[in-house]
file my_file02.txt (compact mmCIF, C-alpha atoms)
# COMPACT_ATOMS: atom_id res chain seq x y z
CA MET L 1 118.17 29.05 92.48
CA ALA L 2 114.78 27.58 93.38
CA LYS L 3 112.40 27.00 90.47
CA PRO L 4 109.50 29.47 90.57
CA SER L 5 106.36 27.82 91.96
CA HIS L 6 103.19 27.58 89.90
CA ARG L 7 101.75 30.31 92.10
CA GLU L 8 104.62 32.69 91.30
CA LYS L 9 104.44 31.85 87.59
CA ILE L 10 100.68 32.54 87.52
CA LEU L 11 101.19 35.87 89.29
CA THR L 12 104.07 37.07 87.11
CA GLU L 13 102.68 35.94 83.75
CA GLY L 14 99.10 36.72 84.75
CA LEU L 15 100.05 40.29 85.66
CA ARG L 16 101.55 40.71 82.20
CA VAL L 17 98.52 39.21 80.43
CA VAL L 18 95.93 41.18 82.44
CA HIS L 19 97.94 44.38 81.96
CA GLU L 20 97.91 43.77 78.19
CA ARG L 21 94.31 42.55 77.75
CA GLY L 22 92.37 44.00 80.68
CA PHE L 23 90.38 42.62 83.61
CA ALA L 24 87.46 41.38 81.52
CA GLY L 25 89.56 40.82 78.36
CA ALA L 26 91.96 38.31 79.95
CA SER L 27 90.39 34.97 80.85
CA VAL L 28 91.68 32.47 83.41
CA ARG L 29 92.44 30.26 80.39
CA ASP L 30 94.69 33.04 78.94
CA ILE L 31 96.45 33.40 82.29
CA VAL L 32 97.24 29.71 82.81
CA ALA L 33 98.28 29.36 79.17
CA ALA L 34 100.78 32.20 79.59
CA ALA L 35 102.07 30.71 82.83
CA GLY L 36 102.36 27.26 81.24
CA VAL L 37 100.51 25.56 84.11
CA PRO L 38 97.34 23.42 84.15
CA GLN L 39 94.01 25.22 84.70
CA GLY L 40 93.49 23.39 88.02
CA SER L 41 96.60 25.11 89.33
CA PHE L 42 94.86 28.48 89.19
CA THR L 43 91.91 27.20 91.22
CA ASN L 44 94.32 25.67 93.76
CA HIS L 45 95.94 29.02 94.44
CA PHE L 46 93.22 31.62 93.89
CA THR L 47 89.55 31.58 94.88
CA SER L 48 88.46 33.69 91.87
CA LYS L 49 89.71 35.95 89.09
CA GLU L 50 88.76 38.88 91.32
CA ALA L 51 90.97 37.58 94.17
CA PHE L 52 93.79 37.01 91.67
CA CYS L 53 93.44 40.51 90.20
CA LEU L 54 93.57 42.03 93.66
CA GLU L 55 96.89 40.25 94.20
CA ILE L 56 98.41 41.39 90.91
CA LEU L 57 97.24 44.94 91.62
CA ASP L 58 99.21 44.83 94.88
CA LEU L 59 102.18 43.25 93.11
CA TYR L 60 102.08 46.03 90.51
CA PHE L 61 101.71 48.75 93.11
CA LYS L 62 104.73 47.40 95.04
CA GLY L 63 106.82 48.58 92.09
CA ALA L 64 105.25 52.03 92.33
CA GLN L 65 105.83 52.11 96.10
CA ALA L 66 109.54 51.43 95.55
CA THR L 67 109.63 54.30 93.04
CA ILE L 68 107.86 56.59 95.53
CA GLN L 69 110.48 55.84 98.21
CA ARG L 70 113.31 56.48 95.75
CA THR L 71 111.79 59.72 94.47
CA LEU L 72 108.90 61.58 96.19
CA ARG L 73 109.84 60.51 99.73
CA ASN L 74 113.60 60.67 99.22
CA ASP L 75 114.57 63.50 101.58
CA SER L 76 118.14 63.60 100.27
CA LEU L 77 117.00 65.24 97.01
CA PRO L 78 115.50 68.72 96.40
CA PRO L 79 111.68 68.36 96.39
CA LEU L 80 110.85 69.41 92.82
CA LYS L 81 113.69 67.23 91.55
CA ARG L 82 112.02 64.30 93.33
CA LEU L 83 108.67 65.01 91.66
CA ARG L 84 110.39 65.25 88.27
CA ALA L 85 112.19 61.95 88.95
CA PHE L 86 108.86 60.34 89.87
CA ILE L 87 107.30 61.39 86.54
CA ASP L 88 110.45 60.42 84.62
CA ALA L 89 110.24 56.97 86.22
CA GLN L 90 106.70 56.57 84.78
CA ILE L 91 107.95 57.62 81.35
CA GLN L 92 110.86 55.17 81.49
CA TYR L 93 108.63 52.35 82.72
CA LEU L 94 106.04 52.87 79.96
CA ASN L 95 108.79 53.19 77.38
CA ARG L 96 110.05 49.79 78.49
CA ILE L 97 106.78 47.87 78.71
CA GLY L 98 105.16 49.63 75.73
CA TRP L 99 102.87 52.69 75.73
CA GLN L 100 99.86 50.62 74.62
CA ASN L 101 99.70 48.99 78.08
CA GLY L 102 99.15 52.17 80.08
CA CYS L 103 99.01 52.06 83.87
CA LEU L 104 97.35 49.01 85.46
CA VAL L 105 95.87 51.25 88.18
CA GLY L 106 94.27 53.49 85.56
CA ASN L 107 93.11 50.54 83.44
CA PHE L 108 91.48 48.87 86.43
CA SER L 109 89.85 52.19 87.38
CA ALA L 110 88.25 52.41 83.95
CA GLU L 111 87.18 48.81 83.84
CA ALA L 112 87.50 46.55 86.89
CA SER L 113 86.01 49.12 89.30
CA GLU L 114 82.64 48.41 87.65
CA HIS L 115 82.91 44.66 88.17
CA SER L 116 84.51 44.39 91.60
CA GLU L 117 83.87 46.42 94.73
CA VAL L 118 87.01 45.11 96.52
CA ILE L 119 89.20 46.15 93.59
CA ARG L 120 87.51 49.57 93.45
CA LYS L 121 88.15 50.14 97.16
CA ARG L 122 91.79 49.09 96.79
CA LEU L 123 92.18 51.55 93.89
CA VAL L 124 90.84 54.38 96.07
CA GLU L 125 93.47 53.49 98.72
CA ILE L 126 96.22 53.39 96.09
CA TYR L 127 95.32 56.84 94.75
CA GLU L 128 95.25 58.14 98.31
CA GLU L 129 98.70 56.71 99.05
CA MET L 130 100.10 58.32 95.88
CA ARG L 131 98.37 61.62 96.67
CA GLN L 132 99.90 61.69 100.15
CA ALA L 133 103.37 61.03 98.75
CA VAL L 134 103.03 63.88 96.24
CA ALA L 135 101.64 66.18 98.98
CA TYR L 136 104.59 65.26 101.24
CA CYS L 137 106.97 66.26 98.46
CA LEU L 138 105.09 69.52 97.71
CA LYS L 139 105.10 70.50 101.39
CA ALA L 140 108.88 70.08 101.40
CA ALA L 141 109.00 72.28 98.27
CA VAL L 142 107.00 74.99 100.08
CA LYS L 143 109.33 74.78 103.09
CA LEU L 144 112.39 75.28 100.90
CA GLY L 145 110.73 78.06 98.91
CA GLU L 146 110.72 76.08 95.66
CA VAL L 147 107.00 76.84 95.22
CA PRO L 148 104.92 79.72 96.67
CA ARG L 149 103.99 79.54 100.35
CA LYS L 150 100.27 79.78 99.49
CA THR L 151 100.34 76.50 97.49
CA GLN L 152 97.50 74.22 98.60
CA CYS L 153 99.61 71.07 98.66
CA ASP L 154 96.90 68.49 99.35
CA GLU L 155 94.59 69.81 96.64
CA LEU L 156 97.40 70.25 94.13
CA ALA L 157 98.65 66.71 94.86
CA GLY L 158 95.19 65.29 94.14
CA PHE L 159 95.04 67.27 90.91
CA LEU L 160 98.51 66.09 89.82
CA ILE L 161 97.80 62.40 90.49
CA ALA L 162 94.56 62.57 88.47
CA SER L 163 96.15 64.61 85.67
CA MET L 164 99.05 62.20 85.37
CA GLN L 165 96.59 59.29 85.03
CA GLY L 166 94.81 61.24 82.29
CA ALA L 167 98.10 61.89 80.49
CA ILE L 168 99.02 58.19 80.70
CA LEU L 169 95.56 57.30 79.34
CA LEU L 170 96.06 59.55 76.31
CA SER L 171 99.62 58.26 75.84
CA LYS L 172 98.20 54.73 75.86
CA THR L 173 95.68 55.73 73.19
CA GLU L 174 98.19 57.61 71.03
CA ARG L 175 100.90 55.02 71.73
CA ASN L 176 103.55 57.60 72.36
CA SER L 177 105.01 59.70 75.16
CA VAL L 178 103.68 63.08 73.91
CA PRO L 179 100.75 63.52 76.38
CA LEU L 180 102.85 62.50 79.38
CA GLU L 181 105.80 64.67 78.31
CA ARG L 182 103.35 67.56 77.82
CA PHE L 183 101.99 67.01 81.33
CA LYS L 184 105.51 67.15 82.77
CA HIS L 185 106.52 70.22 80.79
CA LEU L 186 103.33 72.11 81.57
CA ILE L 187 103.20 71.55 85.32
CA PHE L 188 106.84 72.55 85.82
CA SER L 189 106.55 75.63 83.61
CA THR L 190 103.29 76.87 85.17
CA LEU L 191 101.93 75.28 88.36
CA LEU L 192 105.25 74.51 90.03
CA ARG L 193 107.19 77.71 89.65
CA MET R 1 55.37 58.11 66.45
CA ALA R 2 57.17 55.31 64.61
CA LYS R 3 58.26 52.34 66.75
CA PRO R 4 62.04 52.27 67.18
CA SER R 5 63.60 49.70 64.85
CA HIS R 6 65.61 46.78 66.22
CA ARG R 7 68.73 48.57 65.01
CA GLU R 8 67.90 51.70 67.03
CA LYS R 9 67.01 49.65 70.12
CA ILE R 10 70.30 47.74 69.92
CA LEU R 11 72.24 51.00 69.57
CA THR R 12 70.49 52.83 72.42
CA GLU R 13 70.40 49.94 74.90
CA GLY R 14 73.76 48.59 73.78
CA LEU R 15 75.41 51.98 74.38
CA ARG R 16 74.05 51.94 77.95
CA VAL R 17 75.18 48.34 78.58
CA VAL R 18 78.68 48.80 77.12
CA HIS R 19 79.08 52.08 79.01
CA GLU R 20 78.19 50.25 82.24
CA ARG R 21 80.13 47.00 81.71
CA GLY R 22 82.92 47.84 79.28
CA PHE R 23 83.99 46.74 75.82
CA ALA R 24 85.14 43.27 76.86
CA GLY R 25 82.76 43.05 79.85
CA ALA R 26 79.55 43.44 77.80
CA SER R 27 78.79 40.49 75.52
CA VAL R 28 76.58 40.53 72.43
CA ARG R 29 74.20 38.38 74.50
CA ASP R 30 74.02 41.15 77.14
CA ILE R 31 73.37 43.74 74.44
CA VAL R 32 70.51 41.91 72.72
CA ALA R 33 69.00 40.97 76.10
CA ALA R 34 68.94 44.65 77.11
CA ALA R 35 67.45 45.63 73.74
CA GLY R 36 64.87 42.84 73.97
CA VAL R 37 65.59 41.60 70.45
CA PRO R 38 66.68 38.15 69.17
CA GLN R 39 70.44 37.52 68.89
CA GLY R 40 70.16 37.17 65.11
CA SER R 41 69.03 40.77 64.95
CA PHE R 42 72.47 41.93 66.08
CA THR R 43 74.20 39.95 63.33
CA ASN R 44 71.73 41.35 60.77
CA HIS R 45 72.67 44.92 61.62
CA PHE R 46 76.33 44.79 62.70
CA THR R 47 79.22 42.81 61.27
CA SER R 48 80.97 42.46 64.67
CA LYS R 49 81.05 43.77 68.24
CA GLU R 50 83.93 46.00 67.13
CA ALA R 51 81.82 47.55 64.35
CA PHE R 52 78.96 48.02 66.80
CA CYS R 53 81.21 49.65 69.42
CA LEU R 54 82.56 52.05 66.79
CA GLU R 55 78.96 53.12 66.10
CA ILE R 56 78.06 53.63 69.76
CA LEU R 57 81.30 55.59 70.27
CA ASP R 58 80.18 57.95 67.49
CA LEU R 59 76.66 58.09 68.93
CA TYR R 60 78.12 58.97 72.34
CA PHE R 61 80.48 61.56 70.90
CA LYS R 62 77.59 63.25 69.05
CA GLY R 63 76.33 64.29 72.47
CA ALA R 64 79.74 65.76 73.31
CA GLN R 65 79.86 67.56 69.95
CA ALA R 66 76.52 69.23 70.72
CA THR R 67 77.91 70.33 74.11
CA ILE R 68 81.04 71.69 72.41
CA GLN R 69 78.93 73.82 70.03
CA ARG R 70 76.84 75.13 72.90
CA THR R 71 79.87 75.92 75.08
CA LEU R 72 83.48 76.01 73.79
CA ARG R 73 82.57 77.18 70.28
CA ASN R 74 79.73 79.47 71.33
CA ASP R 75 81.09 82.88 70.33
CA SER R 76 78.24 84.70 72.06
CA LEU R 77 79.70 83.91 75.52
CA PRO R 78 82.95 85.12 77.16
CA PRO R 79 85.64 82.46 76.51
CA LEU R 80 86.44 81.34 80.06
CA LYS R 81 82.73 81.18 80.81
CA ARG R 82 82.41 78.78 77.86
CA LEU R 83 85.18 76.54 79.19
CA ARG R 84 83.55 76.52 82.62
CA ALA R 85 80.20 75.65 81.04
CA PHE R 86 81.86 72.79 79.14
CA ILE R 87 83.24 71.30 82.37
CA ASP R 88 79.96 71.91 84.21
CA ALA R 89 78.18 70.02 81.43
CA GLN R 90 80.44 66.99 82.12
CA ILE R 91 79.67 67.21 85.84
CA GLN R 92 75.92 67.43 85.20
CA TYR R 93 76.04 64.55 82.72
CA LEU R 94 77.94 62.25 85.11
CA ASN R 95 75.68 63.26 87.96
CA ARG R 96 72.74 62.15 85.84
CA ILE R 97 74.07 58.84 84.49
CA GLY R 98 76.00 57.94 87.66
CA TRP R 99 79.67 58.58 88.48
CA GLN R 100 80.52 54.86 88.33
CA ASN R 101 80.09 54.90 84.54
CA GLY R 102 82.78 57.47 83.77
CA CYS R 103 83.34 58.71 80.24
CA LEU R 104 82.92 56.17 77.43
CA VAL R 105 85.83 57.78 75.55
CA GLY R 106 88.10 57.33 78.57
CA ASN R 107 86.84 53.80 79.27
CA PHE R 108 87.45 52.75 75.68
CA SER R 109 90.92 54.34 75.81
CA ALA R 110 91.81 52.21 78.83
CA GLU R 111 90.35 49.05 77.45
CA ALA R 112 89.11 48.82 73.86
CA SER R 113 92.19 50.52 72.38
CA GLU R 114 94.10 47.31 73.18
CA HIS R 115 91.60 45.12 71.35
CA SER R 116 90.67 47.20 68.32
CA GLU R 117 92.88 49.34 66.10
CA VAL R 118 89.90 51.07 64.40
CA ILE R 119 88.47 52.11 67.78
CA ARG R 120 91.90 53.31 68.94
CA LYS R 121 92.27 55.47 65.82
CA ARG R 122 88.78 56.91 66.28
CA LEU R 123 89.63 57.78 69.90
CA VAL R 124 92.74 59.66 68.75
CA GLU R 125 90.53 61.68 66.37
CA ILE R 126 88.00 62.39 69.12
CA TYR R 127 90.68 63.69 71.50
CA GLU R 128 92.04 65.84 68.70
CA GLU R 129 88.60 67.31 67.97
CA MET R 130 88.11 68.12 71.67
CA ARG R 131 91.62 69.58 71.92
CA GLN R 132 90.97 71.87 68.95
CA ALA R 133 87.71 73.09 70.48
CA VAL R 134 89.42 73.91 73.80
CA ALA R 135 92.30 75.61 71.94
CA TYR R 136 89.77 77.66 69.94
CA CYS R 137 88.21 78.83 73.19
CA LEU R 138 91.59 79.60 74.81
CA LYS R 139 92.70 81.64 71.79
CA ALA R 140 89.56 83.73 72.14
CA ALA R 141 90.42 84.16 75.84
CA VAL R 142 93.90 85.42 74.90
CA LYS R 143 92.41 87.85 72.37
CA LEU R 144 90.09 89.31 75.00
CA GLY R 145 92.82 89.44 77.63
CA GLU R 146 91.13 86.87 79.89
CA VAL R 147 94.39 84.89 80.07
CA PRO R 148 98.00 86.08 79.50
CA ARG R 149 99.09 86.74 75.92
CA LYS R 150 101.98 84.25 76.26
CA THR R 151 99.59 81.31 76.92
CA GLN R 152 100.48 78.37 74.67
CA CYS R 153 96.89 77.57 73.76
CA ASP R 154 97.44 74.35 71.80
CA GLU R 155 99.67 72.79 74.45
CA LEU R 156 97.44 73.93 77.31
CA ALA R 157 94.36 72.57 75.51
CA GLY R 158 96.01 69.15 75.17
CA PHE R 159 96.93 69.22 78.84
CA LEU R 160 93.39 70.18 79.89
CA ILE R 161 91.69 67.47 77.81
CA ALA R 162 93.99 64.79 79.27
CA SER R 163 93.68 66.15 82.82
CA MET R 164 89.90 66.23 82.61
CA GLN R 165 89.91 62.57 81.52
CA GLY R 166 92.11 61.75 84.51
CA ALA R 167 89.76 63.61 86.85
CA ILE R 168 86.76 61.73 85.41
CA LEU R 169 88.65 58.44 85.86
CA LEU R 170 89.27 59.18 89.55
CA SER R 171 85.67 60.38 89.99
CA LYS R 172 84.54 57.09 88.48
CA THR R 173 86.73 55.18 90.96
CA GLU R 174 85.68 57.24 93.98
CA ARG R 175 82.07 57.45 92.75
CA ASN R 176 81.76 61.12 93.49
CA SER R 177 82.36 64.50 91.89
CA VAL R 178 85.33 65.50 94.09
CA PRO R 179 88.19 64.87 91.60
CA LEU R 180 86.34 66.61 88.75
CA GLU R 181 85.32 69.57 90.95
CA ARG R 182 88.95 69.80 92.13
CA PHE R 183 90.11 69.87 88.49
CA LYS R 184 87.71 72.72 87.72
CA HIS R 185 88.61 74.73 90.80
CA LEU R 186 92.34 74.29 90.35
CA ILE R 187 92.61 75.22 86.68
CA PHE R 188 90.52 78.37 87.08
CA SER R 189 92.37 79.50 90.21
CA THR R 190 95.87 78.86 88.79
CA LEU R 191 96.35 78.09 85.09
CA LEU R 192 93.56 80.27 83.72
CA ARG R 193 94.03 83.55 85.50

call {"tool": "encode", "arguments": {"input": "my_file02.txt", "output": "structure tokens"}}
result
Amino acid sequence: MAKPSHREKILTEGLRVVHERGFAGASVRDIVAAAGVPQGSFTNHFTSKEAFCLEILDLYFKGAQATIQRTLRNDSLPPLKRLRAFIDAQIQYLNRIGWQNGCLVGNFSAEASEHSEVIRKRLVEIYEEMRQAVAYCLKAAVKLGEVPRKTQCDELAGFLIASMQGAILLSKTERNSVPLERFKHLIFSTLLR
Amino acid sequence: MAKPSHREKILTEGLRVVHERGFAGASVRDIVAAAGVPQGSFTNHFTSKEAFCLEILDLYFKGAQATIQRTLRNDSLPPLKRLRAFIDAQIQYLNRIGWQNGCLVGNFSAEASEHSEVIRKRLVEIYEEMRQAVAYCLKAAVKLGEVPRKTQCDELAGFLIASMQGAILLSKTERNSVPLERFKHLIFSTLLR
């Protein structure tokens, strides 16, 4: 197996460090220290911390895109089961990495969007991609009669994506799954019946 | 009128700067520069940036507490009208200060809760106080038959507080009121009927 390059090490370890400490809270020094590479190596591979953070945001979102394909856009499963699997995947992921980290997309929205216009624009695109995947799933649920025909799928999808981010934010603060589990329970027992 | 003391100037201007740039993004140097006071003045009045940020969080939340008394806990108004007024107050506030700032409570949840255990604990208390105020209002709505008797007010209140934070987070990212207006429209047309 090929040894990971400095670039790969900076991306992998840097993603972890920025996810833990935040866009402004993690310095380039912290990132190279975690990657175990000299500081000059960062400058060789990335033009700025902003450019680096845009790359780790895409790296992070690749994981979410894989989950979306396996769940929300997986036509072989009943639609509401897919949505439940999508939320369960977030719960499992946060259980594994630790609730205190929250979602990198949400963290960057709260923080990096103030400091970087390119990151803010990328975040808007990411939310839109997630919203479309949830809307796709809800439209399938309408078609199969799992939710009422009058459901406004695009609006409800936007609401669900934002609400889930809010639940993850409170779970991050409380350091437990309660807010996110409450979100899941409440939407399936009220909005999605 | 008495001239504002250095302490007051640091609190007022520092709250604005930290709200704009974040807990890690705003330095003590930024704060004293905005307040127009010497750096030593900060150290005279606050033991650390953490202690200072705990004070501005309380200062910020005082505004929210006044809104809660005027809306959610205002027994002279019909309950759902109070909840609507509470959300409208958030919309008006963010319209005034600028959508890019978001809610300081949400921003600190995403960011400062990683760096400071005392701030994290205070945030948990703040969410709990807001949740109780929404639950108080929902229970009054049940009593008056504005929402179904079977409504689980405490759970729904927790869901609404988290969802509103999520909507504010997306409004901050998109820099417009759409996600928060969508939140308001959706809860009143579905969950609170």

call {"tool": "closest_residue", "arguments": {"input": "my_file02.txt", "among": "R:Leu54, R:Leu186, R:Ile10, R:Ile87", "to": "chain L", "atoms": "only C-alpha atoms"}}
result
R:Leu186

call {"tool": "closest_atom_pairs", "arguments": {"input": "my_file02.txt", "of": "chain L", "to": "chain R", "cutoff": "6 Å", "atoms": "all atoms listed in the file", "output": "JSON lines"}}
result
{"residue": "L:Ala24", "atom": "CA", "partner": "R:Gly25", "partner_atom": "CA", "distance": 5.3}
{"residue": "L:Gly25", "atom": "CA", "partner": "R:Ala24", "partner_atom": "CA", "distance": 5.3}
{"residue": "L:Asn107", "atom": "CA", "partner": "R:Ala110", "partner_atom": "CA", "distance": 5.1}
{"residue": "L:Ser109", "atom": "CA", "partner": "R:Thr173", "partner_atom": "CA", "distance": 5.6}
{"residue": "L:Ala110", "atom": "CA", "partner": "R:Asn107", "partner_atom": "CA", "distance": 5.1}
{"residue": "L:Ala162", "atom": "CA", "partner": "R:Gly166", "partner_atom": "CA", "distance": 4.7}
{"residue": "L:Ser163", "atom": "CA", "partner": "R:Ser163", "partner_atom": "CA", "distance": 4.1}
{"residue": "L:Gln165", "atom": "CA", "partner": "R:Gly166", "partner_atom": "CA", "distance": 5.1}
{"residue": "L:Gly166", "atom": "CA", "partner": "R:Gly166", "partner_atom": "CA", "distance": 3.5}
{"residue": "L:Ala167", "atom": "CA", "partner": "R:Ala162", "partner_atom": "CA", "distance": 5.2}
{"residue": "L:Thr173", "atom": "CA", "partner": "R:Ser109", "partner_atom": "CA", "distance": 5.6}

call {"tool": "atom_distance", "arguments": {"input": "my_file02.txt", "atom1": "atom CA of R:Val118", "atom2": "atom CA of L:Asn176"}}
result
17.1 Å

call {"tool": "atom_distance", "arguments": {"input": "my_file02.txt", "atom1": "atom CA of R:Ala133", "atom2": "atom CA of R:Cys153"}}
result
10.7 Å

call {"tool": "atom_distance", "arguments": {"input": "my_file02.txt", "atom1": "atom CA of L:Phe86", "atom2": "atom CA of L:Ile68"}}
result
6.9 Å

call {"tool": "closest_residue", "arguments": {"input": "my_file02.txt", "among": "R:Phe188, R:Trp99, R:Arg70, R:Leu80", "to": "R:Lys143", "atoms": "only C-alpha atoms"}}
result
R:Leu80

call {"tool": "closest_residue", "arguments": {"input": "my_file02.txt", "among": "R:Glu55, R:Asp75, R:Asp154, R:Asp30", "to": "R:Glu8", "atoms": "all atoms listed in the file"}}
result
R:Glu55

call {"tool": "closest_residue", "arguments": {"input": "my_file02.txt", "among": "R:Gln69, R:Ser116, R:Ser189, R:Asn95", "to": "R:Lys49", "atoms": "all atoms listed in the file"}}
result
R:Ser116

call {"tool": "axis_aligned_box", "arguments": {"input": "my_file02.txt", "around": "stretch 24-31 of chain R", "padding_each_side": "3 Å", "output": "lines of an AutoDock Vina configuration file"}}
result
center_x = 79.3
center_y = 41.1
center_z = 76.1
size_x = 17.8
size_y = 11.4
size_z = 13.4

call {"tool": "residues_around", "arguments": {"input": "my_file02.txt", "residues": "R:Arg29", "least_positions_apart": "2", "cutoff": "12 Å", "atoms": "only C-alpha atoms", "output": "list of chain:residue names"}}
result
R:Ile10, R:Gly14, R:Val17, R:Val18, R:Gly25, R:Ala26, R:Ser27, R:Ile31, R:Val32, R:Ala33, R:Ala34, R:Ala35, R:Gly36, R:Val37, R:Pro38, R:Gln39, R:Gly40, R:Ser41, R:Phe42, R:Thr43, R:Lys49

call {"tool": "closest_residue", "arguments": {"input": "my_file02.txt", "among": "L:Ile126, L:Lys139, L:Leu15, L:Val134", "to": "L:Thr71", "atoms": "all atoms listed in the file"}}
result
L:Val134
